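Data block for entry_31.cif (mmCIF, C-alpha atoms):
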data_my_file
#
loop_
_atom_site.group_PDB
_atom_site.id
_atom_site.type_symbol
_atom_site.label_atom_id
_atom_site.label_comp_id
_atom_site.auth_asym_id
_atom_site.auth_seq_id
_atom_site.Cartn_x
_atom_site.Cartn_y
_atom_site.Cartn_z
ATOM 1 C CA MET B 5 -79.143 -63.015 -172.076
ATOM 2 C CA SER B 6 -82.874 -62.447 -172.129
ATOM 3 C CA THR B 7 -84.553 -59.301 -173.396
ATOM 4 C CA ALA B 8 -85.410 -58.265 -169.836
ATOM 5 C CA GLN B 9 -81.784 -58.720 -168.729
ATOM 6 C CA THR B 10 -80.515 -56.785 -171.742
ATOM 7 C CA THR B 11 -82.962 -53.976 -171.032
ATOM 8 C CA ALA B 12 -81.904 -53.888 -167.372
ATOM 9 C CA ALA B 13 -78.207 -53.829 -168.346
ATOM 10 C CA HIS B 14 -78.808 -50.944 -170.769
ATOM 11 C CA ALA B 15 -80.770 -49.018 -168.130
ATOM 12 C CA SER B 16 -77.986 -49.545 -165.606
ATOM 13 C CA LEU B 17 -75.323 -48.363 -168.065
ATOM 14 C CA ARG B 18 -77.440 -45.353 -169.031
ATOM 15 C CA SER B 19 -77.801 -44.461 -165.350
ATOM 16 C CA GLU B 20 -74.025 -44.769 -164.796
ATOM 17 C CA LEU B 21 -73.269 -42.598 -167.814
ATOM 18 C CA ASP B 22 -75.844 -39.994 -166.771
ATOM 19 C CA ARG B 23 -74.168 -39.746 -163.350
ATOM 20 C CA PHE B 24 -70.699 -39.605 -164.949
ATOM 21 C CA PHE B 25 -71.689 -36.766 -167.280
ATOM 22 C CA ARG B 26 -73.483 -34.837 -164.513
ATOM 23 C CA GLU B 27 -70.269 -34.904 -162.502
ATOM 24 C CA ILE B 28 -67.725 -34.203 -165.249
ATOM 25 C CA GLN B 29 -69.621 -31.992 -167.680
ATOM 26 C CA PRO B 30 -69.576 -28.690 -165.722
ATOM 27 C CA ARG B 31 -65.798 -28.763 -165.237
ATOM 28 C CA ALA B 32 -65.046 -29.928 -168.778
ATOM 29 C CA PHE B 33 -67.407 -27.298 -170.175
ATOM 30 C CA ARG B 34 -65.672 -24.589 -168.134
ATOM 31 C CA MET B 35 -62.301 -25.753 -169.474
ATOM 32 C CA LEU B 36 -63.626 -25.439 -173.010
ATOM 33 C CA GLN B 37 -65.035 -21.987 -172.287
ATOM 34 C CA PHE B 38 -61.643 -20.881 -171.000
ATOM 35 C CA ALA B 39 -59.904 -22.227 -174.061
ATOM 36 C CA LEU B 40 -62.362 -20.924 -176.634
ATOM 37 C CA HIS B 41 -63.884 -17.741 -175.194
ATOM 38 C CA ASP B 42 -67.097 -18.783 -176.921
ATOM 39 C CA GLU B 43 -69.886 -20.424 -174.923
ATOM 40 C CA GLN B 44 -71.773 -21.772 -177.942
ATOM 41 C CA LEU B 45 -68.667 -23.259 -179.524
ATOM 42 C CA ALA B 46 -67.708 -24.805 -176.153
ATOM 43 C CA LEU B 47 -71.185 -26.320 -175.942
ATOM 44 C CA ASP B 48 -70.907 -27.741 -179.458
ATOM 45 C CA ILE B 49 -67.537 -29.329 -178.756
ATOM 46 C CA MET B 50 -68.774 -30.680 -175.411
ATOM 47 C CA GLN B 51 -71.802 -32.319 -177.006
ATOM 48 C CA ASP B 52 -69.695 -33.782 -179.781
ATOM 49 C CA ALA B 53 -67.239 -35.212 -177.239
ATOM 50 C CA MET B 54 -70.059 -36.678 -175.132
ATOM 51 C CA LEU B 55 -71.679 -38.377 -178.133
ATOM 52 C CA ALA B 56 -68.364 -39.749 -179.360
ATOM 53 C CA PHE B 57 -67.542 -40.992 -175.865
ATOM 54 C CA VAL B 58 -70.855 -42.849 -175.592
ATOM 55 C CA ARG B 59 -70.370 -44.419 -179.018
ATOM 56 C CA ARG B 60 -66.817 -45.577 -178.348
ATOM 57 C CA TYR B 61 -66.247 -45.970 -174.629
ATOM 58 C CA ALA B 62 -69.594 -46.348 -172.850
ATOM 59 C CA GLY B 63 -68.783 -49.876 -171.689
ATOM 60 C CA ARG B 64 -65.355 -49.027 -170.274
ATOM 61 C CA PRO B 65 -64.755 -49.399 -166.524
ATOM 62 C CA GLU B 66 -65.577 -46.361 -164.416
ATOM 63 C CA THR B 67 -61.917 -45.770 -163.504
ATOM 64 C CA GLU B 68 -61.010 -45.292 -167.185
ATOM 65 C CA ARG B 69 -63.851 -42.944 -168.102
ATOM 66 C CA ALA B 70 -62.501 -39.543 -166.988
ATOM 67 C CA PRO B 71 -59.144 -39.776 -168.802
ATOM 68 C CA LEU B 72 -60.861 -41.138 -171.914
ATOM 69 C CA PHE B 73 -63.478 -38.395 -171.860
ATOM 70 C CA TYR B 74 -60.873 -35.669 -171.418
ATOM 71 C CA ARG B 75 -58.963 -37.230 -174.312
ATOM 72 C CA MET B 76 -62.082 -36.838 -176.466
ATOM 73 C CA VAL B 77 -62.407 -33.208 -175.354
ATOM 74 C CA GLN B 78 -58.703 -32.502 -175.963
ATOM 75 C CA ASN B 79 -58.824 -34.068 -179.426
ATOM 76 C CA ARG B 80 -61.805 -31.961 -180.409
ATOM 77 C CA LEU B 81 -60.197 -28.826 -178.994
ATOM 78 C CA ARG B 82 -56.977 -29.565 -180.875
ATOM 79 C CA ASP B 83 -58.966 -30.161 -184.087
ATOM 80 C CA HIS B 84 -60.712 -26.827 -183.640
ATOM 81 C CA PHE B 85 -57.418 -24.956 -183.230
ATOM 82 C CA ARG B 86 -55.938 -26.786 -186.249
ATOM 83 C CA ARG B 87 -58.882 -25.682 -188.370
ATOM 84 C CA GLN B 88 -58.440 -22.130 -187.048
ATOM 85 C CA ARG B 89 -54.724 -22.168 -187.995
ATOM 86 C CA VAL B 90 -55.531 -23.384 -191.493
ATOM 87 C CA ARG B 91 -58.180 -20.699 -191.886
ATOM 88 C CA GLY B 92 -55.770 -18.166 -190.405
ATOM 89 C CA ARG B 93 -53.034 -19.086 -192.901
ATOM 90 C CA TRP B 94 -55.476 -18.760 -195.762
ATOM 91 C CA LEU B 95 -56.774 -15.429 -194.464
ATOM 92 C CA ASN B 96 -53.238 -14.246 -193.776
ATOM 93 C CA SER B 97 -52.222 -14.966 -197.363
ATOM 94 C CA PHE B 98 -55.309 -13.199 -198.595
ATOM 95 C CA THR B 99 -54.838 -10.146 -196.362
ATOM 96 C CA GLU B 100 -51.144 -9.877 -197.280
ATOM 97 C CA LEU B 101 -52.185 -9.735 -200.909
ATOM 98 C CA ALA B 102 -54.787 -7.152 -200.024
ATOM 99 C CA GLY B 103 -52.278 -5.183 -197.916
ATOM 100 C CA ARG B 104 -54.202 -5.565 -194.657
ATOM 101 C CA ASP B 105 -53.023 -6.841 -191.245
ATOM 102 C CA ASN B 106 -54.368 -10.070 -189.783
ATOM 103 C CA GLU B 107 -55.129 -10.246 -186.033
ATOM 104 C CA ALA B 108 -53.587 -13.010 -183.873
ATOM 105 C CA ILE B 109 -55.821 -15.705 -182.405
ATOM 106 C CA HIS B 110 -56.337 -15.280 -178.632
ATOM 107 C CA ALA B 111 -55.262 -17.931 -176.111
ATOM 108 C CA LEU B 112 -56.798 -19.719 -173.139
ATOM 109 C CA GLU B 113 -58.129 -18.658 -169.737
ATOM 110 C CA ALA B 114 -58.787 -19.658 -166.209
ATOM 111 C CA ILE B 115 -59.332 -22.191 -163.507
ATOM 112 C CA THR B 116 -60.739 -22.416 -160.036
ATOM 113 C CA PRO B 117 -57.840 -22.650 -157.593
ATOM 114 C CA GLU B 118 -57.551 -24.599 -154.367
ATOM 115 C CA PRO B 119 -59.699 -23.318 -151.433
ATOM 116 C CA GLN B 120 -56.640 -22.494 -149.268
ATOM 117 C CA ALA B 121 -55.270 -20.222 -151.986
ATOM 118 C CA TRP B 122 -58.667 -18.603 -152.515
ATOM 119 C CA GLU B 123 -58.767 -17.503 -148.872
ATOM 120 C CA GLN B 124 -55.859 -15.203 -149.728
ATOM 121 C CA LEU B 125 -57.720 -13.803 -152.712
ATOM 122 C CA ASP B 126 -60.336 -11.608 -151.110
ATOM 123 C CA THR B 127 -61.697 -9.702 -154.086
ATOM 124 C CA GLN B 128 -63.243 -10.384 -157.466
ATOM 125 C CA HIS B 129 -60.497 -8.255 -158.997
ATOM 126 C CA LYS B 130 -57.800 -10.630 -157.769
ATOM 127 C CA MET B 131 -59.809 -13.603 -159.006
ATOM 128 C CA GLU B 132 -59.992 -12.066 -162.464
ATOM 129 C CA TYR B 133 -56.252 -11.405 -162.340
ATOM 130 C CA LEU B 134 -55.600 -15.083 -161.660
ATOM 131 C CA GLU B 135 -57.836 -16.108 -164.553
ATOM 132 C CA ARG B 136 -56.056 -13.689 -166.892
ATOM 133 C CA SER B 137 -52.701 -15.064 -165.738
ATOM 134 C CA ILE B 138 -53.775 -18.591 -166.568
ATOM 135 C CA GLY B 139 -55.180 -17.298 -169.827
ATOM 136 C CA ARG B 140 -51.697 -16.139 -170.808
ATOM 137 C CA LEU B 141 -50.288 -19.643 -170.554
ATOM 138 C CA GLY B 142 -49.716 -21.571 -173.762
ATOM 139 C CA LEU B 143 -52.410 -24.074 -174.747
ATOM 140 C CA ARG B 144 -50.562 -27.186 -173.547
ATOM 141 C CA GLN B 145 -49.427 -25.588 -170.291
ATOM 142 C CA GLN B 146 -52.922 -24.342 -169.572
ATOM 143 C CA GLN B 147 -54.656 -27.614 -170.375
ATOM 144 C CA THR B 148 -52.053 -29.637 -168.449
ATOM 145 C CA PHE B 149 -52.468 -27.348 -165.452
ATOM 146 C CA LEU B 150 -56.262 -27.607 -165.579
ATOM 147 C CA LEU B 151 -56.245 -31.395 -165.820
ATOM 148 C CA ARG B 152 -53.635 -31.865 -163.074
ATOM 149 C CA ALA B 153 -54.558 -29.123 -160.590
ATOM 150 C CA TRP B 154 -58.269 -28.710 -161.173
ATOM 151 C CA GLU B 155 -59.336 -32.178 -162.212
ATOM 152 C CA GLY B 156 -56.770 -34.017 -160.081
ATOM 153 C CA LEU B 157 -55.735 -36.388 -162.852
ATOM 154 C CA SER B 158 -52.435 -38.200 -162.394
ATOM 155 C CA GLU B 159 -49.521 -37.629 -164.756
ATOM 156 C CA ALA B 160 -50.369 -40.837 -166.601
ATOM 157 C CA GLU B 161 -54.063 -39.929 -166.899
ATOM 158 C CA THR B 162 -53.202 -36.420 -168.083
ATOM 159 C CA ALA B 163 -50.754 -37.829 -170.631
ATOM 160 C CA ALA B 164 -53.439 -40.200 -171.908
ATOM 161 C CA ALA B 165 -56.055 -37.429 -172.025
ATOM 162 C CA MET B 166 -53.797 -35.060 -173.950
ATOM 163 C CA GLY B 167 -52.016 -37.624 -176.106
ATOM 164 C CA ILE B 168 -48.555 -36.609 -174.890
ATOM 165 C CA SER B 169 -45.840 -38.306 -172.828
ATOM 166 C CA LYS B 170 -45.664 -38.219 -169.015
ATOM 167 C CA GLY B 171 -42.411 -36.265 -169.368
ATOM 168 C CA SER B 172 -44.210 -33.602 -171.400
ATOM 169 C CA VAL B 173 -46.925 -33.452 -168.741
ATOM 170 C CA LYS B 174 -44.273 -32.841 -166.073
ATOM 171 C CA THR B 175 -42.611 -30.149 -168.165
ATOM 172 C CA HIS B 176 -45.818 -28.308 -169.097
ATOM 173 C CA TYR B 177 -47.163 -28.520 -165.547
ATOM 174 C CA ALA B 178 -43.926 -27.244 -163.983
ATOM 175 C CA ARG B 179 -43.718 -24.351 -166.442
ATOM 176 C CA ALA B 180 -47.353 -23.425 -165.870
ATOM 177 C CA ARG B 181 -46.871 -23.415 -162.093
ATOM 178 C CA ALA B 182 -43.691 -21.342 -162.352
ATOM 179 C CA ALA B 183 -45.393 -18.793 -164.597
ATOM 180 C CA LEU B 184 -48.386 -18.530 -162.260
ATOM 181 C CA LYS B 185 -46.205 -18.209 -159.170
ATOM 182 C CA ALA B 186 -44.298 -15.395 -160.842
ATOM 183 C CA ALA B 187 -47.502 -13.679 -161.937
ATOM 184 C CA LEU B 188 -49.210 -13.975 -158.577
ATOM 185 C CA GLY B 189 -46.164 -13.214 -156.465
ATOM 186 C CA MET B 190 -46.912 -14.212 -152.882
ATOM 187 C CA LEU B 191 -49.672 -16.691 -153.693
ATOM 188 C CA GLU B 192 -48.412 -20.232 -153.127
ATOM 189 C CA MET B 193 -49.800 -22.702 -155.631
ATOM 190 C CA ALA B 194 -51.253 -25.798 -153.966
ATOM 191 C CA GLU B 195 -49.177 -28.902 -154.474
ATOM 192 C CA VAL B 196 -50.942 -31.521 -156.616
ATOM 193 C CA LYS B 197 -49.706 -35.038 -156.133
#
So, in terms of structure tokens, how does the structure I just supplied come out?
Amino acid sequence: MSTAQTTAAHASLRSELDRFFREIQPRAFRMLQFALHDEQLALDIMQDAMLAFVRRYAGRPETERAPLFYRMVQNRLRDHFRRQRVRGRWLNSFTELAGRDNEAIHALEAITPEPQAWEQLDTQHKMEYLERSIGRLGLRQQQTFLLRAWEGLSEAETAAAMGISKGSVKTHYARARAALKAALGMLEMAEVK
């Protein structure tokens, strides 16, 4: 391949990746914000995931990119929470020795629901209630729900993104939906197939 052809191929790939990140970045960033409650930390993890994705998977076919990217995001999110647990254990030991209480680490929040469901939610207050309800879900339930309902990933893609089995995806997704239905009462959750 000539230098001109190589340059053209690199430019084409760069253009494809720019488009991919423009489309996926806002939603992935919002997921991280929900999980972390810290915009700067979410930005750091997003940038790290994007760089790692480009280094490892830039040449992958377009159909494989979203699940692989979400896998990078999930891995970095999981690493962050692992580090927090380790720090928390250390601090907990220290505070027990010092006779002080240690606060629990907060969980995840929110998604944007389906348009049909939103028509029933006519106020900002109800929207915030939905986000808080999703925020009360466990980490795996919340992330599974976001990837399946918000991102529209299949069970297999969600399993690959999260590094869990398809059966676990089904379980976490069903539990998340049941919890949200109970919390929101009359609001019917849109079926994701």
Resolved residues for the PyMOL selection byres ((chain B and resi 51-63) around 6) as a VMD selection string: chain B and resid 48 to 50 64 76 to 77
Target residues per the PyMOL selection byres ((chain B and resi 162) around 12), formatted as a count of residues only: 39
Between atom CA of Phe38 of chain B and atom CA of Gly139 of chain B - distance in Å to one decimal: 7.5 Å
Best match for closeness to Phe33 of chain B among B:Leu81, B:Thr11, B:Ala183, B:Gly142, counting only C-alpha atoms: B:Leu81
Nearest residue to Glu66 of chain B from the set B:Glu20, B:Thr7, B:Glu135, B:Gln146 (distances using only C-alpha atoms): B:Glu20
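Pairwise distance (atom CA of Gln88 of chain B, atom CA of Thr175 of chain B) equals 25.9 Å.
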Given 6 Å on each side, where is the centre and what are the edge lengths in Å to one decimal of the axis-aligned box enclosing the listed atoms of segment 15-18 of chain B, as lines of an AutoDock Vina configuration file?
center_x = -78.0
center_y = -47.4
center_z = -167.3
size_x = 17.4
size_y = 16.2
size_z = 15.4
Computed interatomic separation between atom CA of Pro30 of chain B and atom CA of Arg86 of chain B (Å):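 Value for the atom CA of Pro30 of chain B-atom CA of Arg86 of chain B distance: 24.7 Å.
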For Gln37 of chain B: contacts at 7 Å, only C-alpha atoms, fewer than 5 positions along chain excluded, given as a list of chain:residue names: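 So, after excluding close chain neighbours, the residues are B:Asp42, B:Glu43, B:Ala46.
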Among the residues B:Leu134, B:His84, B:Arg18, B:Arg179, the one that comes closest to Leu45 of chain B [using only C-alpha atoms]: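 Result for the nearest residue to Leu45 of chain B: B:His84.
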Pick from B:Leu36, B:Ile28, B:Leu47, B:Ile138 nearest to Leu188 of chain B, counting all atoms listed in the file: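 The answer is B:Ile138, which sits nearest to Leu188 of chain B.
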